[in-house]
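Structure below is target-v5.txt: compact mmCIF, C-alpha atoms and all ligand atoms.
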# COMPACT_ATOMS: atom_id res chain seq x y z
CA MET P 1 0.00 0.00 0.00
CA ARG P 2 1.34 3.50 -0.87
CA ALA P 3 2.20 5.69 2.11
CA ASP P 4 0.09 8.77 2.71
CA ALA P 5 1.51 12.10 3.89
CA ALA P 6 0.04 11.94 7.40
CA GLY P 7 1.30 8.38 7.92
CA THR P 8 4.78 9.37 6.73
CA VAL P 9 4.84 12.33 9.13
CA ARG P 10 3.60 10.17 12.02
CA ASP P 11 6.33 7.58 11.40
CA ALA P 12 8.98 10.33 11.27
CA LEU P 13 7.74 11.81 14.55
CA ILE P 14 7.81 8.40 16.23
CA ALA P 15 11.36 7.81 14.97
CA ALA P 16 12.51 11.23 16.24
CA GLY P 17 11.17 10.53 19.76
CA ALA P 18 11.99 13.32 22.23
CA ARG P 19 13.85 15.21 19.47
CA GLY P 20 10.66 15.53 17.43
CA LEU P 21 7.95 18.17 17.81
CA LEU P 22 4.46 18.28 16.34
CA VAL P 23 3.11 21.81 15.89
CA ALA P 24 -0.67 21.43 15.88
CA ASP P 25 -3.11 24.18 14.97
CA GLU P 26 -6.80 23.91 14.09
CA ASN P 27 -5.95 22.08 10.85
CA CYS P 28 -4.38 19.16 12.65
CA PRO P 29 -6.95 16.32 12.57
CA PRO P 30 -7.78 14.83 16.01
CA GLU P 31 -7.16 11.35 14.57
CA PHE P 32 -3.56 12.36 13.84
CA LEU P 33 -3.00 13.11 17.54
CA ALA P 34 -4.66 9.81 18.39
CA GLY P 35 -2.02 7.94 16.36
CA LEU P 36 0.94 9.30 18.34
CA PRO P 37 2.57 7.41 21.22
CA PRO P 38 2.50 8.86 24.76
CA GLY P 39 5.37 11.24 25.42
CA THR P 40 5.40 12.72 21.89
CA ARG P 41 6.03 16.47 22.13
CA VAL P 42 3.21 18.68 20.87
CA LEU P 43 3.08 22.46 20.73
CA SER P 44 -0.33 23.91 19.97
CA ASN P 45 -1.90 27.35 19.81
CA ARG P 46 -5.32 25.73 20.45
CA TRP P 47 -6.45 24.98 23.99
CA ASP P 48 -8.87 22.27 22.80
CA LEU P 49 -6.05 20.41 21.03
CA CYS P 50 -3.81 20.76 24.08
CA VAL P 51 -6.48 19.19 26.28
CA ALA P 52 -7.05 16.35 23.78
CA ALA P 53 -3.28 15.75 23.47
CA ARG P 54 -2.73 15.84 27.23
CA ASP P 55 -5.56 13.34 27.71
CA ARG P 56 -3.66 10.99 25.39
CA GLY P 57 -0.46 11.26 27.42
CA LEU P 58 1.36 13.54 24.96
CA GLU P 59 3.86 16.15 26.20
CA VAL P 60 2.02 19.42 25.56
CA SER P 61 2.81 23.12 25.53
CA PHE P 62 0.28 25.88 24.76
CA SER P 63 1.62 28.97 23.02
CA ASP P 64 1.20 31.19 20.01
CA PHE P 65 3.70 29.27 17.84
CA GLU P 66 6.59 30.08 20.18
CA LEU P 67 8.99 27.32 19.27
CA PRO P 68 12.01 26.69 21.54
CA ALA P 69 15.11 28.39 20.04
CA THR P 70 17.27 25.48 21.23
CA ALA P 71 18.75 24.36 17.88
CA ASP P 72 18.59 20.73 19.07
CA LEU P 73 15.49 19.22 17.46
CA GLU P 74 15.74 16.62 14.73
CA LEU P 75 12.25 17.02 13.35
CA ILE P 76 9.37 19.53 13.41
CA ALA P 77 6.10 18.60 11.72
CA CYS P 78 2.98 20.65 11.07
CA ARG P 79 -0.15 20.32 9.00
CA VAL P 80 -0.20 23.55 6.99
CA PRO P 81 -1.87 26.47 8.80
CA LYS P 82 -4.34 28.63 6.90
CA GLU P 83 -2.60 32.04 7.20
CA ARG P 84 0.52 32.67 5.14
CA ALA P 85 2.02 34.88 7.89
CA VAL P 86 1.71 31.99 10.35
CA VAL P 87 3.41 29.52 7.98
CA ARG P 88 6.26 31.96 7.33
CA HIS P 89 6.64 32.61 11.09
CA LEU P 90 6.76 28.85 11.65
CA ILE P 91 9.42 28.36 8.95
CA ASN P 92 11.54 31.13 10.54
CA GLN P 93 11.08 29.76 14.07
CA ALA P 94 11.71 26.14 13.04
CA TRP P 95 15.16 27.08 11.74
CA HIS P 96 16.15 28.25 15.25
CA ALA P 97 14.65 25.17 16.91
CA LEU P 98 16.25 22.55 14.66
CA ALA P 99 19.77 21.21 14.91
CA PRO P 100 21.86 21.36 11.70
CA GLY P 101 20.51 18.64 9.41
CA GLY P 102 17.12 18.76 11.15
CA ARG P 103 13.98 18.68 9.02
CA LEU P 104 10.70 20.55 8.87
CA LEU P 105 7.79 18.53 7.45
CA LEU P 106 4.70 20.37 6.28
CA TRP P 107 1.73 18.50 4.91
CA GLY P 108 -1.64 19.46 3.48
CA GLY P 109 -3.95 19.41 0.45
CA LYS P 110 -3.21 21.16 -2.83
CA HIS P 111 -5.47 24.13 -1.94
CA THR P 112 -3.42 24.93 1.20
CA GLY P 113 -0.62 26.58 -0.79
CA ILE P 114 1.74 23.77 0.25
CA LYS P 115 3.85 23.96 -2.91
CA THR P 116 4.51 27.67 -2.37
CA HIS P 117 5.30 27.07 1.30
CA GLY P 118 7.77 24.33 0.34
CA LYS P 119 9.50 26.69 -2.11
CA GLU P 120 9.62 29.50 0.44
CA ALA P 121 11.11 27.23 3.11
CA ALA P 122 13.83 26.20 0.67
CA THR P 123 14.54 29.84 -0.20
CA ALA P 124 14.76 30.80 3.48
CA TRP P 125 16.94 27.86 4.47
CA GLY P 126 19.12 27.70 1.37
CA GLY P 127 18.18 24.29 -0.06
CA ALA P 128 16.25 22.91 -3.00
CA PRO P 129 12.44 22.67 -2.70
CA GLU P 130 11.20 19.16 -1.94
CA VAL P 131 7.46 18.72 -2.34
CA ARG P 132 5.80 15.44 -3.30
CA LYS P 133 2.31 14.02 -3.46
CA LEU P 134 1.62 11.19 -1.03
CA GLY P 135 -1.93 9.87 -1.21
CA THR P 136 -4.33 12.80 -1.38
CA ASP P 137 -2.01 15.27 0.40
CA TYR P 138 1.32 16.84 -0.38
CA LEU P 139 4.40 16.66 1.82
CA ALA P 140 6.97 19.47 1.81
CA VAL P 141 10.34 18.77 3.43
CA ALA P 142 12.90 21.47 4.29
CA THR P 143 16.29 20.54 5.71
CA ARG P 144 18.33 22.94 7.85
CA THR P 145 21.54 22.77 5.88
CA GLY P 146 22.73 26.37 5.41
CA ALA P 147 24.40 28.39 8.16
CA THR P 148 22.17 31.43 7.67
CA LEU P 149 18.44 31.95 7.81
CA HIS P 150 17.07 34.30 5.18
CA SER P 151 14.01 35.22 7.24
CA LEU P 152 10.71 35.22 5.42
CA ASP P 153 8.49 38.27 5.78
CA ASP P 154 5.96 37.03 8.35
CA ALA P 155 4.28 40.44 8.65
CA ASP P 156 5.92 40.73 12.10
CA TYR P 157 3.63 37.93 13.26
CA GLU P 158 4.48 38.10 16.96
CA ALA P 159 3.60 41.78 17.38
CA LEU P 160 0.17 42.89 18.50
CA ARG P 161 -0.63 46.06 16.61
CA PRO P 162 -3.06 48.92 17.07
CA LEU P 163 -5.00 48.68 13.85
CA LEU P 164 -8.56 49.46 14.67
CA ALA P 165 -10.51 52.14 16.48
CA TYR P 166 -13.40 51.63 18.89
CA GLY P 167 -14.86 54.41 21.02
CA GLY P 168 -11.87 56.61 20.24
CA ARG P 169 -9.36 53.98 21.38
CA VAL P 170 -7.36 51.40 19.53
CA LEU P 171 -7.91 47.68 19.49
CA PHE P 172 -4.83 45.47 19.37
CA THR P 173 -4.85 42.59 16.94
CA LYS P 174 -2.54 40.53 14.73
CA PRO P 175 -2.51 38.36 11.62
CA GLY P 176 -4.12 34.97 12.04
CA LEU P 177 -6.90 36.23 14.30
CA PHE P 178 -10.46 36.22 13.07
CA GLY P 179 -11.12 39.45 11.15
CA TRP P 180 -7.79 40.77 12.37
CA ASP P 181 -7.45 43.72 9.98
CA GLN P 182 -11.02 45.01 10.04
CA ILE P 183 -13.95 44.93 12.43
CA ASP P 184 -16.05 42.00 11.32
CA PRO P 185 -19.36 43.31 9.91
CA GLY P 186 -21.25 40.56 11.76
CA SER P 187 -19.68 41.49 15.10
CA ALA P 188 -20.36 45.17 14.37
CA LEU P 189 -24.03 44.31 13.73
CA LEU P 190 -24.21 42.54 17.09
CA ALA P 191 -22.50 45.44 18.88
CA ALA P 192 -24.99 47.86 17.33
CA GLN P 193 -27.83 45.97 19.11
CA LEU P 194 -26.32 46.39 22.59
CA PRO P 195 -27.90 49.80 23.35
CA HIS P 196 -31.40 48.42 22.54
CA VAL P 197 -30.84 45.19 24.47
CA PHE P 198 -29.39 47.02 27.50
CA ALA P 199 -32.23 49.58 27.38
CA ASP P 200 -34.68 46.92 28.67
CA GLY P 201 -33.29 47.09 32.20
CA PRO P 202 -30.03 47.32 34.10
CA ALA P 203 -26.88 46.58 32.12
CA PRO P 204 -25.77 42.99 32.69
CA GLY P 205 -23.74 42.53 35.87
CA THR P 206 -21.87 39.56 34.45
CA LEU P 207 -21.08 38.76 30.84
CA LEU P 208 -19.42 35.91 28.99
CA ASP P 209 -17.74 36.69 25.66
CA LEU P 210 -17.74 33.22 24.12
CA GLY P 211 -15.07 32.82 21.42
CA CYS P 212 -13.78 36.31 22.20
CA GLY P 213 -11.13 36.72 19.49
CA TYR P 214 -9.27 39.96 20.24
CA GLY P 215 -12.18 41.05 22.43
CA TYR P 216 -14.16 43.38 20.20
CA LEU P 217 -17.54 42.38 21.66
CA SER P 218 -16.25 42.71 25.25
CA VAL P 219 -14.91 46.18 24.53
CA ALA P 220 -18.23 47.20 22.98
CA ALA P 221 -20.24 45.76 25.91
CA HIS P 222 -17.94 47.46 28.44
CA ALA P 223 -18.47 50.78 26.65
CA HIS P 224 -22.24 50.28 27.12
CA GLY P 225 -21.94 49.60 30.85
CA ALA P 226 -21.63 45.81 31.15
CA GLY P 227 -20.22 44.68 34.49
CA ALA P 228 -17.73 41.87 35.14
CA ILE P 229 -16.65 40.35 31.83
CA THR P 230 -15.18 36.92 31.28
CA ALA P 231 -13.74 36.40 27.82
CA THR P 232 -12.74 32.99 26.56
CA ASP P 233 -11.26 31.51 23.43
CA THR P 234 -9.31 28.45 22.45
CA CYS P 235 -6.70 30.34 20.42
CA ALA P 236 -3.52 31.52 22.17
CA ALA P 237 -3.07 34.60 19.95
CA ALA P 238 -6.69 35.64 20.56
CA LEU P 239 -6.23 35.40 24.33
CA LEU P 240 -3.04 37.48 24.22
CA ALA P 241 -4.71 40.17 22.11
CA CYS P 242 -7.88 40.16 24.22
CA ALA P 243 -5.90 40.56 27.46
CA LYS P 244 -4.04 43.48 25.91
CA ASN P 245 -7.34 45.10 24.87
CA PHE P 246 -8.82 44.59 28.34
CA ALA P 247 -5.82 46.47 29.76
CA ALA P 248 -6.00 49.19 27.08
CA HIS P 249 -9.72 49.76 27.68
CA GLY P 250 -9.60 49.52 31.48
CA ILE P 251 -11.71 46.36 31.61
CA ALA P 252 -11.23 44.55 34.89
CA GLY P 253 -12.27 41.21 33.49
CA GLU P 254 -10.88 37.75 33.10
CA VAL P 255 -9.45 36.26 29.92
CA VAL P 256 -9.36 32.47 30.12
CA PRO P 257 -8.43 29.68 27.73
CA SER P 258 -11.14 27.10 27.23
CA ASP P 259 -12.75 24.83 24.69
CA CYS P 260 -16.23 26.31 24.22
CA ALA P 261 -16.31 27.49 27.87
CA GLU P 262 -15.65 23.99 29.22
CA GLY P 263 -14.27 24.28 32.73
CA ILE P 264 -15.87 27.69 33.35
CA ALA P 265 -18.14 26.90 36.28
CA GLU P 266 -19.84 30.30 36.58
CA CYS P 267 -23.20 31.34 35.10
CA PHE P 268 -23.73 34.77 33.55
CA ASP P 269 -26.43 37.39 32.92
CA LEU P 270 -25.50 37.75 29.25
CA VAL P 271 -23.54 35.73 26.70
CA LEU P 272 -22.25 37.41 23.54
CA CYS P 273 -21.12 35.25 20.66
CA ASN P 274 -20.12 35.32 17.03
CA PRO P 275 -19.54 31.56 16.71
CA PRO P 276 -17.09 30.03 14.26
CA PHE P 277 -18.61 27.99 11.47
CA HIS P 278 -15.30 26.88 9.99
CA ARG P 279 -12.57 24.80 11.53
CA GLY P 280 -9.46 25.63 9.57
CA PHE P 281 -10.25 25.10 5.89
CA ALA P 282 -13.54 23.19 6.44
CA ALA P 283 -17.11 24.25 7.34
CA ASP P 284 -18.19 22.74 10.68
CA GLN P 285 -21.82 23.20 11.73
CA GLU P 286 -21.42 20.96 14.80
CA LEU P 287 -18.77 23.35 16.15
CA CYS P 288 -21.27 26.18 15.75
CA ALA P 289 -23.99 24.12 17.50
CA ARG P 290 -21.63 23.58 20.47
CA PHE P 291 -21.51 27.34 20.99
CA PHE P 292 -25.30 27.52 21.30
CA ARG P 293 -25.23 24.67 23.83
CA ALA P 294 -22.35 26.30 25.73
CA ALA P 295 -24.26 29.60 25.90
CA ALA P 296 -27.37 27.89 27.27
CA GLY P 297 -25.26 26.02 29.81
CA HIS P 298 -23.59 29.19 31.09
CA LEU P 299 -26.61 31.42 31.63
CA HIS P 300 -28.63 32.13 34.73
CA ARG P 301 -32.24 31.06 34.33
CA ALA P 302 -33.24 34.66 33.44
CA GLY P 303 -30.07 35.27 31.44
CA ARG P 304 -29.94 36.17 27.76
CA ALA P 305 -27.65 35.45 24.85
CA LEU P 306 -26.97 37.47 21.71
CA PHE P 307 -25.64 35.55 18.73
CA VAL P 308 -24.60 36.86 15.35
CA THR P 309 -24.21 34.34 12.56
CA HIS P 310 -23.82 34.33 8.81
CA ARG P 311 -27.17 33.90 7.04
CA VAL P 312 -26.08 30.45 5.81
CA VAL P 313 -26.06 29.20 9.43
CA PRO P 314 -29.44 27.75 10.53
CA ALA P 315 -29.15 29.75 13.75
CA ALA P 316 -32.82 29.60 14.72
CA THR P 317 -32.85 25.79 14.40
CA LEU P 318 -29.65 25.44 16.44
CA ALA P 319 -30.88 27.92 19.06
CA GLN P 320 -34.32 26.36 19.47
CA GLU P 321 -32.73 23.08 20.55
CA VAL P 322 -31.40 24.76 23.68
CA PHE P 323 -33.44 27.98 24.19
CA ARG P 324 -37.18 28.42 24.72
CA SER P 325 -37.23 31.80 22.99
CA CYS P 326 -35.33 32.84 19.87
CA GLU P 327 -36.03 36.23 18.29
CA GLN P 328 -34.24 37.63 15.26
CA ILE P 329 -33.58 41.27 16.18
CA ALA P 330 -31.42 42.39 13.25
CA ALA P 331 -30.45 41.18 9.81
CA THR P 332 -28.48 42.25 6.76
CA PRO P 333 -28.15 40.32 3.47
CA SER P 334 -25.13 38.53 5.05
CA PHE P 335 -25.74 38.39 8.82
CA GLN P 336 -28.43 37.83 11.42
CA VAL P 337 -28.57 38.60 15.14
CA HIS P 338 -30.70 36.49 17.48
CA LEU P 339 -31.71 37.29 21.06
CA LEU P 340 -32.04 34.02 22.98
CA GLN P 341 -33.78 33.52 26.32
CA GLY P 342 -34.91 30.63 28.49
CA PRO P 343 -31.95 28.24 28.41
CA ARG P 344 -33.25 24.67 28.33
CA ARG P 345 -30.14 23.05 29.77
CA ALA P 346 -29.86 23.00 33.51
CA PRO P 347 -27.65 25.92 34.56
CA LEU P 348 -24.20 24.98 35.82
CA THR P 349 -24.73 26.62 39.22
C1 LIG P 401 -16.12 34.29 14.40
S1 LIG P 401 -14.79 34.51 15.53
C2 LIG P 401 -15.42 35.79 16.60
C3 LIG P 401 -14.34 36.53 17.34
C4 LIG P 401 -14.80 37.73 18.17
N1 LIG P 401 -15.84 37.37 19.12
C5 LIG P 401 -15.28 38.87 17.29
O1 LIG P 401 -16.47 39.13 17.31
O2 LIG P 401 -14.44 39.48 16.60
C6 LIG P 401 -14.95 33.01 16.49
C7 LIG P 401 -13.93 32.83 17.59
O3 LIG P 401 -14.17 31.56 18.20
C8 LIG P 401 -12.92 30.98 18.55
N2 LIG P 401 -13.09 29.53 18.69
C9 LIG P 401 -13.07 28.57 17.72
N3 LIG P 401 -13.25 27.36 18.26
C10 LIG P 401 -13.37 27.53 19.59
C11 LIG P 401 -13.57 26.67 20.70
N4 LIG P 401 -13.69 25.34 20.51
N5 LIG P 401 -13.67 27.19 21.95
C12 LIG P 401 -13.55 28.54 22.13
N6 LIG P 401 -13.35 29.42 21.12
C13 LIG P 401 -13.26 28.93 19.88
C14 LIG P 401 -11.99 31.39 17.43
O4 LIG P 401 -10.63 31.32 17.85
C15 LIG P 401 -12.46 32.83 17.14
O5 LIG P 401 -11.74 33.76 17.91

How would this structure read if it were set down as structure tokens?
Amino acid sequence: MRADAAGTVRDALIAAGARGLLVADENCPPEFLAGLPPGTRVLSNRWDLCVAARDRGLEVSFSDFELPATADLELIACRVPKERAVVRHLINQAWHALAPGGRLLLWGGKHTGIKTHGKEAATAWGGAPEVRKLGTDYLAVATRTGATLHSLDDADYEALRPLLAYGGRVLFTKPGLFGWDQIDPGSALLAAQLPHVFADGPAPGTLLDLGCGYGYLSVAAHAHGAGAITATDTCAAALLACAKNFAAHGIAGEVVPSDCAEGIAECFDLVLCNPPFHRGFAADQELCARFFRAAAGHLHRAGRALFVTHRVVPAATLAQEVFRSCEQIAATPSFQVHLLQGPRRAPLT
């Protein structure tokens, strides 16, 4: 039987043992983690993947692609991330983490830009591009041969930058984050509903920003008088940016890593959410449905949730499974905002 790319990478990681490192972002399939032996080193920018990897006995670290600059690894492997800046940052970082002769393996489908990434890695590291098709995916291999790294332009990936304005103040963000270089029109539509929703009574004393990204919805809610805010996301870069925005906007809230609010024991007066409906390159309606369930599970009995979704998402159907009341309060040709009340799931506290 012909080897596939994922199987080849798995075998190489197993052979490298403690001198191998898997870098896993949202494009790394859970079944790939499941095929690795306990003790395999995994670095992930996703909290959910870290939890899954830890549960399998893997050696996990959670960071925003901060590879160890130890120059002693034999192998680094990664299924290709979606953002070019992230891939370039990874290629630059991998050079510092690998020992001379060490290899970086990238794998992914044709549409992931893998051939270009393979060529760029070779340019940066001073070798010949090595990209081949194995099964349905492609495998790009770069070997750390040269003595000098010709750093790729990764758009200064590590830096949080003040790109956007809200309420006269900047919002810090960076490449790779959802809607990082513009305020998402869906999130802006949700934020525009806050004055009407808060006008019904006192501003919410406690609020959960579920899938907070760089914290745009928290900042908007704070500006309209929301009380204690807890913001949560599974993405390390999002959490870093959100914490920075909380500090910049004087929000005395908490920013916590979690997988869809798992492990957050508190219940809230209001949940704000612009749920993801893609995981990496693929649409994922079940992921979106989890956010509706998580919102219902984290509300007080009289609490409310505001969700904005793309019009292609069957939001009302998903919401009605876990909320007694679901009212569409705003819509554009692309987005819809629903106000949800009466969580059906038993509250957590
Ligand atoms: C559509 S974006 C919305 C971001 C932000 N709330 C805004 O309005 O700009 C969805 C967010 O959900 C996060 N996310 C994806 N899967 C998640 C999970 N399993 N648990 C928590 N957050 C997740 C993503 O990292 C992303 O920041």

I'd like the contact shell of Gly7 in chain P - 12 Å cut-off, only C-alpha atoms, skipping same-chain residues fewer than 4 positions apart - returned as a tab-separated table (two decimals) with C-alpha atoms, in the frame of the given file.
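around.tsv, written as the output of this step:
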chain	number	residue	atom	x	y	z
P	1	MET	CA	0.00	0.00	0.00
P	2	ARG	CA	1.34	3.50	-0.87
P	3	ALA	CA	2.20	5.69	2.11
P	11	ASP	CA	6.33	7.58	11.40
P	12	ALA	CA	8.98	10.33	11.27
P	13	LEU	CA	7.74	11.81	14.55
P	14	ILE	CA	7.81	8.40	16.23
P	31	GLU	CA	-7.16	11.35	14.57
P	32	PHE	CA	-3.56	12.36	13.84
P	33	LEU	CA	-3.00	13.11	17.54
P	35	GLY	CA	-2.02	7.94	16.36
P	36	LEU	CA	0.94	9.30	18.34
P	77	ALA	CA	6.10	18.60	11.72
P	107	TRP	CA	1.73	18.50	4.91
P	134	LEU	CA	1.62	11.19	-1.03
P	135	GLY	CA	-1.93	9.87	-1.21
P	136	THR	CA	-4.33	12.80	-1.38
P	137	ASP	CA	-2.01	15.27	0.40
P	138	TYR	CA	1.32	16.84	-0.38
P	139	LEU	CA	4.40	16.66	1.82

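For the pair CA of Cys28 in chain P and CA of Ser61 in chain P, the separation is 15.3 Å.
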
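The space separating CA of Leu270 in chain P from CA of Leu210 in chain P comes to 10.3 Å.
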
### Message
Nearest residue to Lys82 in chain P out of P:Ala122, P:Asp25, P:Ala69, P:Gly57, using all atoms listed in the file?
### Response
P:Asp25

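Restricting the calculation to only C-alpha atoms and all ligand atoms, the smallest distance between ligand LIG 401 (chain P) and any of P:Ala94, P:Ala265, P:Leu189, P:Leu58 is found for P:Leu189.
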
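Of the residues listed (P:Arg311, P:Arg19, P:Arg290, P:Arg41), P:Arg290 shows the shortest atom-to-atom separation from ligand LIG 401 (chain P); distances use all atoms listed in the file.
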
### Task
Identify the residues around (-32.5, 26.4, 18.7) within a radius of 12 Å, measuring from only C-alpha atoms in the coordinates stated by the file, and give them as a ChimeraX atom specification.
/P:288-293,295-296,305,307,313-328,338-345

### Task
For each of P:Arg169, P:Arg304, P:Arg46, P:His298, take the minimum atom-to-atom distance to Val23 in chain P, counting all atoms listed in the file, then give the residue where this is smallest.
P:Arg46

### Message
Measuring between only C-alpha atoms and all ligand atoms, which one of P:Thr332, P:Ser44, P:Asn245, P:Thr234 shows the shortest distance to ligand LIG 401 (chain P)?
### Response
P:Thr234

### Message
Would you pick out the contacts of Gly101 in chain P at 6 Å or less, using only C-alpha atoms, so that residues sharing its chain but fewer than 2 positions from it are not included, and give the list as number ranges by chain?
### Response
P: 143-145

Would you save the residues from that selection as a CSV table (one decimal), in the coordinates of the input, using C-alpha atoms?
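Output contents, as saved in result.csv:
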chain,number,residue,atom,x,y,z
P,143,THR,CA,16.3,20.5,5.7
P,144,ARG,CA,18.3,22.9,7.8
P,145,THR,CA,21.5,22.8,5.9

Find the residues around Ser63 in chain P up to 9 Å (only C-alpha atoms counted), leave out those fewer than 2 positions away in its own chain, and share them as a PDB file with C-alpha atoms, in the frame of the given file.
ATOM      1  CA  LEU P  43       3.080  22.460  20.730  1.00  0.00           C
ATOM      2  CA  SER P  44      -0.330  23.910  19.970  1.00  0.00           C
ATOM      3  CA  ASN P  45      -1.900  27.350  19.810  1.00  0.00           C
ATOM      4  CA  ARG P  46      -5.320  25.730  20.450  1.00  0.00           C
ATOM      5  CA  SER P  61       2.810  23.120  25.530  1.00  0.00           C
ATOM      6  CA  PHE P  65       3.700  29.270  17.840  1.00  0.00           C
ATOM      7  CA  GLU P  66       6.590  30.080  20.180  1.00  0.00           C
ATOM      8  CA  LEU P  67       8.990  27.320  19.270  1.00  0.00           C
ATOM      9  CA  CYS P 235      -6.700  30.340  20.420  1.00  0.00           C
ATOM     10  CA  ALA P 236      -3.520  31.520  22.170  1.00  0.00           C
ATOM     11  CA  ALA P 237      -3.070  34.600  19.950  1.00  0.00           C
TER      12      ALA P 237
END

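Once all atoms listed in the file are considered, the residues situated within 9 Å of the file point (15.0, 20.9, 22.5) turn out to be Ala18, Arg19, Gly20, Leu21, Pro68, Ala69, Thr70, Ala71, Asp72, Leu73, Glu74, Ala97, Leu98 and Ala99 of chain P.
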